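Student: One structure follows; several queries about it will come next.
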Protein chains: 6
Amino acid sequence: MKVITFGEVMLRLSPPGVERFIQTNSLTMHFGGTEANVAVSLAQLGLNTAHVTRFPNHALGRSAAGYLRRYGVGTQHVSYGDGRLGLYFLEIGSGSRASQIVYDRADSAFARISDNDVDWDAVLDGASWFHWTGITPALSQGAADCLLAGIKTANRLGVPVSGDIVYRSNLWQYGRTPQEIMPAITEGCTLVLGNKALFSELYGVVGSTFQEAGRAMMQRFPNIKYITDTKRNSVSASYNQLSAKVFDGNTVYKSRVYDIQPIIDRIGTGDAYMAGLIYGLLTFRDPQRAVEFGAAASALKHTIPGDVNLATVTEIETLEAGDSSGKLRR
Amino acid sequence: MKVITFGEVMLRLSPPGVERFIQTNSLTMHFGGTEANVAVSLAQLGLNTAHVTRFPNHALGRSAAGYLRRYGVGTQHVSYGDGRLGLYFLEIGSGSRASQIVYDRADSAFARISDNDVDWDAVLDGASWFHWTGITPALSQGAADCLLAGIKTANRLGVPVSGDIVYRSNLWQYGRTPQEIMPAITEGCTLVLGNKALFSELYGVVGSTFQEAGRAMMQRFPNIKYITDTKRNSVSASYNQLSAKVFDGNTVYKSRVYDIQPIIDRIGTGDAYMAGLIYGLLTFRDPQRAVEFGAAASALKHTIPGDVNLATVTEIETLEAGDSSGKLRR
Amino acid sequence: MKVITFGEVMLRLSPPGVERFIQTNSLTMHFGGTEANVAVSLAQLGLNTAHVTRFPNHALGRSAAGYLRRYGVGTQHVSYGDGRLGLYFLEIGSGSRASQIVYDRADSAFARISDNDVDWDAVLDGASWFHWTGITPALSQGAADCLLAGIKTANRLGVPVSGDIVYRSNLWQYGRTPQEIMPAITEGCTLVLGNKALFSELYGVVGSTFQEAGRAMMQRFPNIKYITDTKRNSVSASYNQLSAKVFDGNTVYKSRVYDIQPIIDRIGTGDAYMAGLIYGLLTFRDPQRAVEFGAAASALKHTIPGDVNLATVTEIETLEAGDSSGKLRR
Amino acid sequence: MKVITFGEVMLRLSPPGVERFIQTNSLTMHFGGTEANVAVSLAQLGLNTAHVTRFPNHALGRSAAGYLRRYGVGTQHVSYGDGRLGLYFLEIGSGSRASQIVYDRADSAFARISDNDVDWDAVLDGASWFHWTGITPALSQGAADCLLAGIKTANRLGVPVSGDIVYRSNLWQYGRTPQEIMPAITEGCTLVLGNKALFSELYGVVGSTFQEAGRAMMQRFPNIKYITDTKRNSVSASYNQLSAKVFDGNTVYKSRVYDIQPIIDRIGTGDAYMAGLIYGLLTFRDPQRAVEFGAAASALKHTIPGDVNLATVTEIETLEAGDSSGKLRR
Amino acid sequence: MKVITFGEVMLRLSPPGVERFIQTNSLTMHFGGTEANVAVSLAQLGLNTAHVTRFPNHALGRSAAGYLRRYGVGTQHVSYGDGRLGLYFLEIGSGSRASQIVYDRADSAFARISDNDVDWDAVLDGASWFHWTGITPALSQGAADCLLAGIKTANRLGVPVSGDIVYRSNLWQYGRTPQEIMPAITEGCTLVLGNKALFSELYGVVGSTFQEAGRAMMQRFPNIKYITDTKRNSVSASYNQLSAKVFDGNTVYKSRVYDIQPIIDRIGTGDAYMAGLIYGLLTFRDPQRAVEFGAAASALKHTIPGDVNLATVTEIETLEAGDSSGKLRR
Amino acid sequence: MKVITFGEVMLRLSPPGVERFIQTNSLTMHFGGTEANVAVSLAQLGLNTAHVTRFPNHALGRSAAGYLRRYGVGTQHVSYGDGRLGLYFLEIGSGSRASQIVYDRADSAFARISDNDVDWDAVLDGASWFHWTGITPALSQGAADCLLAGIKTANRLGVPVSGDIVYRSNLWQYGRTPQEIMPAITEGCTLVLGNKALFSELYGVVGSTFQEAGRAMMQRFPNIKYITDTKRNSVSASYNQLSAKVFDGNTVYKSRVYDIQPIIDRIGTGDAYMAGLIYGLLTFRDPQRAVEFGAAASALKHTIPGDVNLATVTEIETLEAGDSSGKLRR
């Protein structure tokens, strides 16, 4: 099974441990982006994956590609060109001190992508799944156009499509609103990650509960088979509670609730959920198992430094089965 | 508003993470001293500050000054001379293992300070506050004399004075007792941090409650307007509970109680409280808000490596307002 | 008092902090082995110790010996020869993510040990205690033979012998079963660490409770004076509960239960218990105090990076006395 | 004596040691910018300095200011606002492998500077020197305008002005050419660092030798009293030969030639020369000593990690006096 | 163009910088193996490559594969199974102190490879080149058999084959001599890296000069078109001189001699030459350019930490063209 | 053969690599002292050694002892008591930038040593050599007295004594001059390291050449059998030339001259020479071989981080035999 993801990959720079920006003298490098994070997670779970993006044609762009390959994601569809490498500075918090991010991603090589950079028919040939998020259409017209072309190709080839419709208002600087752009993109989706507030804000679709709002989304976008979301209770930067649910038009499948303490790295835990859910849907073809698998995957991601989930199927299944004892494995 | 602090700054050397002295092969450098810690905290809160001290005239002494400047504290009143740089070795504990300190501060350049090293009229000109602690008069006759001269100048110029009357019995090696030295110094104070036991031991001032003892202190030292103290419940080296209170002669203002877990670095958390309280008194002119701000500042300091509080006003106010969720700030 | 231990010492390689193998680019070095861990703990408690082992005759073998000496263990009885240095790769987990070990110890210099490598009369001359574990006879016929020779010499010289009869089924590759080998070795023991399941599996000795099984062991092996075991409740990789008990044929002495959070390094915590217990029996000659001291020693080990317990007598006694506050010691 | 410098400060990120971008997983942080480098060097030499720039109003911008203060440069004239922090990635080469830089400085907070951000009269009040470089007017119209305003104020106040007329063709993206912008800026200069090729390209001023070209520059720009340049022979990335010269309209003063091996960090060595020269002119008022001091300062900078010269007057004078023995100083 | 390489990949562990084993407390990780090093070099030069090997099926085996992918080498033909990960400990010397290696590669997963692990027809389909070295047949009968099968397949498919006939006498522990094994393997080679001494020892082929010995080799093994070798003058661990030559049956093509100082990492410099030569032969089809390109590639490798050459075509061509100035590239 | 050394051991703190004090944020730990350095070198050469000193009774004092043990030096004669751990800060230079040391050793636990702390008869029982340096009697009357007692015991027991009569004028603060103290100490020596200037300054012994001055020393101190010295030409901090000579009353034995480049760590290279010479005299009983061995040992020390020489006999003999090629040893 081959999964294709599409989106920007940024260089992430963070002080060692829980140092603050203002006191650090070195920065640890990771690379990440919400869609590529999904690809890495799936590659660690044993699926064949490839990420489609555009990097600057210099050593740092090539390093980003190397990072994806290291963790098993194919980079054969990456294009290289002008523009900079988007980056973000992450300070990891602790206890009552929040983590914080300084984004520095404007005018990236990815934001300059256009339809011509991707041969979607070749990319999606033989694919089992295609994943995107709401970050991509927020970056530039070219990115939005390229994404839409990808989704249409996927629909034509019968490749299921998932979208995390995350909305960041401080992006969307290129003159279009999400209300103009998102509906057409969402049209081709099989699986949508989102919540009532987003459905209302982006599409004017309302419902008083997750279930009702989900049903309304399915009416508006008939391709959608599943609506999903996670629920997080942030006790502190070091202690969260997390669960997830999936609605298939009939039933809401809920995962166990995970007590997560201590939190090592919270970034990418939503992407880890999405990857686990996709893996579950592709492998188990059982929404209950899929949502449990996704939630356990997300819980484990909190223990792993970096944006990407490096947990294995065995580890996730152990946790999903209720064993959170962390007993030494020899 | 300009705040002046006075006292020794030491080089702090600690093993990485929670390694023990006996196993480490490198030491992380910070600089700290209870009064300078207050200055750095206040500088991070946006106040104009300057620290008065005396450093050895070599590269490490200059490094200490550079450390203060880096975090926004003026070093224009620092003098340089003979003597060594005081230092302390800190091993950070975890859980049931206590942190431990090996002091190595004898005969420092600061301990050799004398009245001639500081032009207090110039230093305190235009100042809004002057802060000292009981460490300084414990180090040498020269330090005690210089401090007293500073307090008298502050009184003459109408600059409010705060004193943390901390008492360390293993200091006070120069032939005088705190009972001989402290009363004259305390005389000129507006705000005193201390508790019943200290009031009794240092000044023979007794009272059966914080309130009564505070009232007795105010009778003995009529300049005092506020008595303050913190209360800490040490569950383990990684988990403490903390609150603070201020007495203004009429009312005891109490802060919320903070559950602090995990503790990254406990050193300087009292100084962070003092800085927050001073900031609050200078800015809000409301003891309740001031004590809350101070306690929240202190709670946040526990999450920050090093002696000094690098939290911002916004972060402190967020916590003070009850949001300890540590949610990612983008 | 001199304590002799015998067994393999491995190079332990682990990613920094809680990084995963798959993402790390450097490895932190420690050395460890269950018996040598006991020796280091005892050396830190002030006893004279020496560890008997066999290292490869190259720089890494000499580094291993240097590691033992650094922490106070004598290496005058170490022999050097052919074979490799056994090693193990340890990934430290966190929360719901388990730690994991990849062993790489086959065909080590120690596994090639033979009777000729150790002059047991010289080694045990004047010794107060001899300690071994079930890892050693599992490695090779030579190691099993050499151990048996040591125990017989100890018996002849009247040196008390303790054995941790740990059983790892994936060792024992040299053609003999533990059932063939262990009884003769256990014969000479004064103190045995084990549980009902092990007694039954290794010796066919059964009993429905710890006490009954212990009594049956003492009937089968009349030299045994004490049976001991620890009990661990693994809530997560970061949070465990631990206690210990000792049976002397009449009474079961139980320690307090320790809540251990956070866990820095769980490896060697059983060895820390054994060392504490041996220290207690040798020093206090009181099983109750000994088991309490051992349990407190083990609890503290969880806070210390590496395989070996670097806690001092004072620290252990503080915790044993009920002070787990972790308050800063100056 | 107070020296004012003006220009962009970037975050510099480089792999540890001589690792390549493509293999590194962490980056060492420094801050630098050609003009600020001059300020830091002069502060280390004991002069009062302040750097004028504009930073983004976030933790990284404040870190940049902290870096300057740490090394003694005043940041009281820094303004904060929108835009990003310019940065550059530096890979340090070795032997036949060249160092390489990936710039990422477009649209920085500094490039958005305008006249309103700087009160030049206040900044230059009491100043002894003002320094700029050709990087600044290349960045934006606002930066060029602000610089010109500064120079005019300096001229009005009688503050000597030095300019390093470095020309980078890949900057100058804002629609103006250096030929349009540079002459007016150069007009107000007392000291110019440049060479024949630059004089011809930027101003159309020609001369067949350094002396003749310098004389022609002085005719075209009558304020100029000194023309200076360095000469570098790059044998390898680890071995360079360096000298400098100054022309005062009559005489060419030449420094000794320095054999520099090994090179630790070549960045900022030109700025170190400029700082040494300015220091020499201000202090010795003797072009020969000044050029020797500058060349020795530059030679020493090659041994120091980071953009800035942290050498002391004593160290520079020792080298200038011919002692390059590197003998241990106790 | 696709190049296939075949051989063991080991985990390389080395102390930071030039520390000695006996003093270090951490080890830097790289992965390397003479054939995989060639693959990585070629991938960095832009060729399509894949490495064929066998790894243990655990996290460290997967890390090794990730390392290859990071640098662009395909791992689609890697098989996973039992056995350990071969490793070697490298201490990097300096000046008169030699680097030293402690090998620990016995009984690796690769040594357990057999014909069944590789489908050579699939692997070599469409390949442009196949490369092996004398390390592989020295490890086990299975490795030797598998290699021979690969070479025969390559011959059948018309894929050129290169062999570095390096001979390590301390390998070859499985009961066969190189004289028994090597001739059949060499039979299928187009290009051989070796020298007179090796030709004589391994094949009994003699010649008084490189040229004569090469001609004799070509008579004995008629498939051979090129014989090549490098020449190294080791002045110290930090300074070497290097050149290379190729004989095509008629002419000896010699490269320039490179003065290499300082040496950062000497491991893999021969493999870098081989990769450069293969690249040159495939791309330029001109032995003189190829040998020059190979020698320049090897010279650059000495400046790069790790086993593999991360130099680019541009960097190599710059050095090959005579520019060893190491001038900063912006 | 057992060698006893006596003197202070300090904690050495140095910035990583060639960073300057003023820019560093961490310090690398080593321990060293001129006499202990000799002991470690000899232990690495395979001799039985023990170092006599006095440490503070805290974790850092115990760490110092652990450091010695790690490298094979016995610490059974170390006493523990009050006073601090002497320390020194070392900044390692490069090229034309000198290394520099800030000493911070006043009032150390060692300076407080007295005769009662050492049972010289027990310490020197069975010893083959005793070594001291001129640092020890410069520290305190107690240290001088204790040393003299040791030398007298050695003389009584027939143990040869070597003394490095190094003179540091900034020590000797306790009220006695070296002229008062040194003669009696030198009286008992067999081997003296020093030069004409020292002989004249300390003892008033003059001679126009090394040979003549040596002969005069032997007349004044009839126990002396050998006079030795090293000669260093400091080209830069990274490049030195070194040789040594020994005079036995008849002949001056000279070593080869070593070109040392690059220098990693120059500290302790004189002690490495002394250790090599002692080893040579004890082992070869041939002054020419001994001086060659000592000089080669010293040359190798320049390549090793830290104060102590970790070179092996084989490495030294290889270099002594003229092989400075630094060729990889497998």
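Each chain in the structure tokens gets a letter, A, B, ..., in the order shown, and its residues are numbered from 1; ligands are numbered from 1 in order too.
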Can you list every residue of chain B that has an atom at most 8 Å from chain F, with its nearest atom pair and the distance in Å to one decimal, using only C-alpha atoms, ordered by chain then number, as CSV?

Tutor:
residue,atom,partner,partner_atom,distance
B:Phe21,CA,F:Ala59,CA,6.3
B:Ile22,CA,F:Ser63,CA,4.9
B:Gln23,CA,F:Ser63,CA,7.5
B:Asn25,CA,F:Met29,CA,5.1
B:Ser26,CA,F:Thr28,CA,4.3
B:Leu27,CA,F:Leu27,CA,5.2
B:Thr28,CA,F:Ser26,CA,4.3
B:Met29,CA,F:Ser26,CA,5.1
B:His30,CA,F:Asn25,CA,7.3
B:His58,CA,F:Val102,CA,7.9
B:Ala59,CA,F:Ile22,CA,6.2
B:Leu60,CA,F:Phe21,CA,6.5
B:Arg62,CA,F:Ile22,CA,7.1
B:Ser63,CA,F:Ile22,CA,4.9
B:Gly66,CA,F:Ile22,CA,7.8
B:Arg84,CA,F:Asp104,CA,7.0
B:Val102,CA,F:His58,CA,7.9
B:Asp104,CA,F:Arg84,CA,7.0

Student: Those same residues, written as a PDB file, in the first residue's frame with N, CA and C atoms?

Tutor:
ATOM      1  N   PHE B  21      27.827  14.845  40.393  1.00  0.00           N
ATOM      2  CA  PHE B  21      29.209  15.352  40.305  1.00  0.00           C
ATOM      3  C   PHE B  21      30.187  14.233  39.978  1.00  0.00           C
ATOM      4  N   ILE B  22      29.992  13.103  40.656  1.00  0.00           N
ATOM      5  CA  ILE B  22      31.000  12.057  40.632  1.00  0.00           C
ATOM      6  C   ILE B  22      31.073  11.348  39.287  1.00  0.00           C
ATOM      7  N   GLN B  23      30.082  11.584  38.434  1.00  0.00           N
ATOM      8  CA  GLN B  23      30.089  10.900  37.153  1.00  0.00           C
ATOM      9  C   GLN B  23      30.236  11.851  35.968  1.00  0.00           C
ATOM     10  N   ASN B  25      31.597  14.772  33.302  1.00  0.00           N
ATOM     11  CA  ASN B  25      32.845  15.189  32.690  1.00  0.00           C
ATOM     12  C   ASN B  25      32.750  16.566  32.063  1.00  0.00           C
ATOM     13  N   SER B  26      31.630  17.214  32.292  1.00  0.00           N
ATOM     14  CA  SER B  26      31.549  18.605  31.864  1.00  0.00           C
ATOM     15  C   SER B  26      30.585  19.332  32.781  1.00  0.00           C
ATOM     16  N   LEU B  27      30.695  20.616  32.791  1.00  0.00           N
ATOM     17  CA  LEU B  27      29.868  21.440  33.672  1.00  0.00           C
ATOM     18  C   LEU B  27      29.245  22.559  32.859  1.00  0.00           C
ATOM     19  N   THR B  28      27.974  22.765  33.075  1.00  0.00           N
ATOM     20  CA  THR B  28      27.261  23.860  32.433  1.00  0.00           C
ATOM     21  C   THR B  28      27.465  25.127  33.255  1.00  0.00           C
ATOM     22  N   MET B  29      27.690  26.237  32.574  1.00  0.00           N
ATOM     23  CA  MET B  29      27.932  27.499  33.262  1.00  0.00           C
ATOM     24  C   MET B  29      26.690  28.375  33.315  1.00  0.00           C
ATOM     25  N   HIS B  30      26.402  28.857  34.479  1.00  0.00           N
ATOM     26  CA  HIS B  30      25.487  29.976  34.646  1.00  0.00           C
ATOM     27  C   HIS B  30      26.166  30.937  35.617  1.00  0.00           C
ATOM     28  N   HIS B  58      39.680  39.623  35.442  1.00  0.00           N
ATOM     29  CA  HIS B  58      40.170  38.667  34.443  1.00  0.00           C
ATOM     30  C   HIS B  58      38.991  38.200  33.598  1.00  0.00           C
ATOM     31  N   ALA B  59      39.283  37.321  32.659  1.00  0.00           N
ATOM     32  CA  ALA B  59      38.273  36.971  31.662  1.00  0.00           C
ATOM     33  C   ALA B  59      37.002  36.405  32.288  1.00  0.00           C
ATOM     34  N   LEU B  60      37.132  35.686  33.404  1.00  0.00           N
ATOM     35  CA  LEU B  60      35.926  35.116  34.006  1.00  0.00           C
ATOM     36  C   LEU B  60      35.103  36.186  34.700  1.00  0.00           C
ATOM     37  N   ARG B  62      34.950  39.247  33.665  1.00  0.00           N
ATOM     38  CA  ARG B  62      34.276  39.947  32.566  1.00  0.00           C
ATOM     39  C   ARG B  62      33.142  39.104  31.989  1.00  0.00           C
ATOM     40  N   SER B  63      33.313  37.794  32.010  1.00  0.00           N
ATOM     41  CA  SER B  63      32.230  36.925  31.542  1.00  0.00           C
ATOM     42  C   SER B  63      31.000  37.063  32.430  1.00  0.00           C
ATOM     43  N   GLY B  66      29.265  40.105  31.454  1.00  0.00           N
ATOM     44  CA  GLY B  66      28.599  39.867  30.178  1.00  0.00           C
ATOM     45  C   GLY B  66      27.292  39.098  30.353  1.00  0.00           C
ATOM     46  N   ARG B  84      39.236  36.441  43.962  1.00  0.00           N
ATOM     47  CA  ARG B  84      38.791  35.436  43.007  1.00  0.00           C
ATOM     48  C   ARG B  84      37.297  35.583  42.693  1.00  0.00           C
ATOM     49  N   VAL B 102      27.876  22.597  46.521  1.00  0.00           N
ATOM     50  CA  VAL B 102      29.176  22.765  47.165  1.00  0.00           C
ATOM     51  C   VAL B 102      29.593  24.213  46.921  1.00  0.00           C
ATOM     52  N   ASP B 104      31.999  27.469  47.007  1.00  0.00           N
ATOM     53  CA  ASP B 104      33.440  27.752  46.929  1.00  0.00           C
ATOM     54  C   ASP B 104      33.573  29.251  46.680  1.00  0.00           C
TER      55      ASP B 104
END

Student: Can you tell me, as a list in words, what residues are no more than 9 Å from Ile185 (chain E) when counting only C-alpha atoms, ignoring any on the same chain fewer than 3 positions away?

Tutor: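 So, after excluding close chain neighbours, the residues are Pro137, Ala144, Leu147, Leu148, Ile151, Lys152, Gly163, Ile181, Met182, Gly188 and Cys189 of chain E.
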
Student: Using C-alpha atoms, can you write the selected residues to a file as a tab-separated table (two decimals), in the first residue's frame?

Tutor:
chain	number	residue	atom	x	y	z
E	137	PRO	CA	34.44	-12.67	0.19
E	144	ALA	CA	31.54	-15.02	-1.17
E	147	LEU	CA	29.02	-11.99	-4.46
E	148	LEU	CA	30.04	-14.46	-7.13
E	151	ILE	CA	29.12	-10.82	-10.59
E	152	LYS	CA	27.96	-13.60	-12.87
E	163	GLY	CA	36.48	-4.64	-7.64
E	181	ILE	CA	38.20	-17.60	-3.71
E	182	MET	CA	39.40	-14.43	-5.35
E	188	GLY	CA	34.21	-10.99	-14.10
E	189	CYS	CA	35.74	-7.57	-13.45

Student: As JSON, numbers by chain, please: the residues near Gly326 (chain E) (cut-off 12 Å, only C-alpha atoms, same-chain neighbours under 2 positions excluded).

Tutor: {"D": [92, 93, 94, 95, 96, 97, 98, 99, 100, 233, 234, 235, 236, 237, 238, 239, 240, 263, 266], "E": [261, 300, 303, 315, 316, 318, 319, 322, 323, 324, 328, 329]}

Student: How many Å lie between CA of Ile267 (chain C) and CA of Val308 (chain C), rounded to one decimal?

Tutor: 8.1 Å

Student: Skip Trp129 (chain B) itself and residues of its chain fewer than 4 positions away, then list as a list of chain:residue names all residues within 6 Å of it, counting only C-alpha atoms.

Tutor: B:Val3, B:Val159, B:Pro160, B:Val161

Student: Could you write those residues out with N, CA and C atoms, as an mmCIF file, in the first residue's frame?

Tutor:
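Here's the written file result-v3.cif:
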data_model
loop_
_atom_site.group_PDB
_atom_site.id
_atom_site.type_symbol
_atom_site.label_atom_id
_atom_site.label_comp_id
_atom_site.auth_asym_id
_atom_site.auth_seq_id
_atom_site.Cartn_x
_atom_site.Cartn_y
_atom_site.Cartn_z
ATOM 1 N N VAL B 3 15.770 50.028 38.878
ATOM 2 C CA VAL B 3 15.974 49.286 40.114
ATOM 3 C C VAL B 3 17.458 48.942 40.264
ATOM 4 N N VAL B 159 14.622 56.560 48.043
ATOM 5 C CA VAL B 159 14.454 55.350 47.225
ATOM 6 C C VAL B 159 13.981 54.206 48.132
ATOM 7 N N PRO B 160 12.857 53.568 47.808
ATOM 8 C CA PRO B 160 12.398 52.439 48.621
ATOM 9 C C PRO B 160 13.432 51.315 48.626
ATOM 10 N N VAL B 161 13.496 50.635 49.761
ATOM 11 C CA VAL B 161 14.514 49.593 49.936
ATOM 12 C C VAL B 161 13.836 48.286 50.336
#

Student: Counting only C-alpha atoms, what is within 9 Å of region 207-216 of chain A, bar same-chain residues fewer than 3 positions away, as a PyMOL selection string?

Tutor: chain A and resi 195-196+199-200+219-221+226-229+247-252

Student: Name the residues of region 76-318 of chain B that fall into helix (DSSP H, G or I) according to DSSP on the backbone, using the chain letters and numbers of this document, as a PyMOL selection string.

Tutor: chain B and resi 115-117+120-124+135-139+141-157+178-187+196-203+210-220+269-283+287-301+313-318

Student: Neighbouring residues of Ser298 (chain A) were defined as those with any atom within 6 Å, considering only C-alpha atoms; residues of the same chain fewer than 5 positions away were excluded. Please report them as a PyMOL selection string.

Tutor: chain A and resi 269+272-273

Student: Could the residues in this selection be saved with N, CA and C atoms as a PDB file, in the first residue's frame?

Tutor:
ATOM      1  N   THR A 269       1.618  15.550  17.288  1.00  0.00           N
ATOM      2  CA  THR A 269       0.808  14.484  17.879  1.00  0.00           C
ATOM      3  C   THR A 269      -0.525  14.340  17.154  1.00  0.00           C
ATOM      4  N   ALA A 272       0.314  12.353  14.132  1.00  0.00           N
ATOM      5  CA  ALA A 272       0.483  10.945  14.504  1.00  0.00           C
ATOM      6  C   ALA A 272      -0.874  10.258  14.600  1.00  0.00           C
ATOM      7  N   TYR A 273      -1.854  10.990  15.127  1.00  0.00           N
ATOM      8  CA  TYR A 273      -3.215  10.425  15.172  1.00  0.00           C
ATOM      9  C   TYR A 273      -3.712  10.147  13.762  1.00  0.00           C
TER      10      TYR A 273
END

Student: Extract, using only C-alpha atoms, all DNA, RNA and protein residues at most 8 Å from region 33-47 of chain C, discarding same-chain residues fewer than 3 positions from it, and format them as an NGL selection string.

Tutor: :C and (1-10 or 50-51 or 68 or 71-73 or 131-133 or 268 or 271-272 or 274-276 or 279 or 307-313)

Student: Could you save those same residues with C-alpha atoms as a short mmCIF file (atom, residue, chain, number, x, y, z; two decimals), in the first residue's frame?

Tutor:
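As written to disk, result38.cif reads:
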data_model
loop_
_atom_site.label_atom_id
_atom_site.label_comp_id
_atom_site.auth_asym_id
_atom_site.auth_seq_id
_atom_site.Cartn_x
_atom_site.Cartn_y
_atom_site.Cartn_z
CA MET C 1 35.09 -5.30 54.97
CA LYS C 2 35.85 -6.53 51.47
CA VAL C 3 33.21 -7.69 49.02
CA ILE C 4 34.01 -9.72 45.90
CA THR C 5 31.74 -9.84 42.88
CA PHE C 6 32.08 -11.92 39.73
CA GLY C 7 30.53 -11.50 36.32
CA GLU C 8 30.53 -9.90 32.90
CA VAL C 9 30.81 -6.14 32.43
CA MET C 10 29.34 -4.76 29.24
CA ALA C 50 36.91 -5.93 43.93
CA HIS C 51 35.28 -7.25 40.81
CA LEU C 68 35.06 0.31 37.70
CA TYR C 71 33.85 4.39 41.19
CA GLY C 72 36.09 2.66 43.68
CA VAL C 73 36.03 -0.97 42.64
CA HIS C 131 28.14 -12.13 45.16
CA TRP C 132 27.07 -13.74 41.90
CA THR C 133 23.97 -13.81 39.67
CA GLY C 268 20.54 -1.56 37.84
CA ASP C 271 21.42 -4.49 41.81
CA ALA C 272 21.21 -1.36 43.93
CA MET C 274 21.05 -6.18 46.45
CA ALA C 275 24.01 -3.94 47.32
CA GLY C 276 21.96 -2.10 49.92
CA TYR C 279 25.56 -3.52 53.12
CA ASP C 307 23.74 1.22 35.60
CA VAL C 308 25.32 1.89 38.95
CA ASN C 309 24.03 3.41 42.15
CA LEU C 310 26.08 6.45 43.11
CA ALA C 311 24.03 7.26 46.21
CA THR C 312 25.78 7.75 49.53
CA VAL C 313 24.95 6.23 52.90
#

Student: Any chance you could list, as a list in words, the residues in region 174-258 of chain D that come up strand (DSSP E) when DSSP is run on the backbone?

Tutor: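 Listing strand (DSSP E) positions across region 174-258 of chain D yields Leu191, Val192, Leu193, Tyr226, Ile227, Thr228, Asp229, Thr230, Lys231, Arg232, Asn233, Ser234, Val235, Ser236, Tyr239, Asn240, Gln241, Leu242, Ser243, Ala244, Lys245, Val246, Phe247, Val252, Tyr253, Lys254 and Tyr258 of chain D.
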
Student: Go ahead and write the selection's residues with C-alpha atoms as a CSV table (one decimal), in the first residue's frame.

Tutor:
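So the final result, stored in part_20.csv, reads:
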chain,number,residue,atom,x,y,z
D,191,LEU,CA,37.9,56.6,5.9
D,192,VAL,CA,37.1,54.2,3.2
D,193,LEU,CA,37.9,50.5,2.9
D,226,TYR,CA,42.3,57.6,4.6
D,227,ILE,CA,41.9,54.8,2.1
D,228,THR,CA,42.6,51.3,3.3
D,229,ASP,CA,42.5,47.7,2.2
D,230,THR,CA,43.5,44.2,3.2
D,231,LYS,CA,45.3,41.7,1.0
D,232,ARG,CA,44.7,38.0,1.5
D,233,ASN,CA,46.4,35.0,-0.1
D,234,SER,CA,44.2,32.0,0.4
D,235,VAL,CA,46.4,28.9,0.4
D,236,SER,CA,43.6,26.8,1.7
D,239,TYR,CA,45.9,28.5,5.8
D,240,ASN,CA,45.9,32.2,4.7
D,241,GLN,CA,48.4,35.0,4.5
D,242,LEU,CA,47.1,38.5,5.3
D,243,SER,CA,48.4,42.0,5.4
D,244,ALA,CA,46.9,45.5,5.2
D,245,LYS,CA,47.7,49.0,4.0
D,246,VAL,CA,46.5,52.5,4.6
D,247,PHE,CA,47.0,55.5,2.3
D,252,VAL,CA,51.1,54.0,1.9
D,253,TYR,CA,51.5,52.5,5.3
D,254,LYS,CA,51.8,48.7,5.1
D,258,TYR,CA,50.7,37.3,8.8
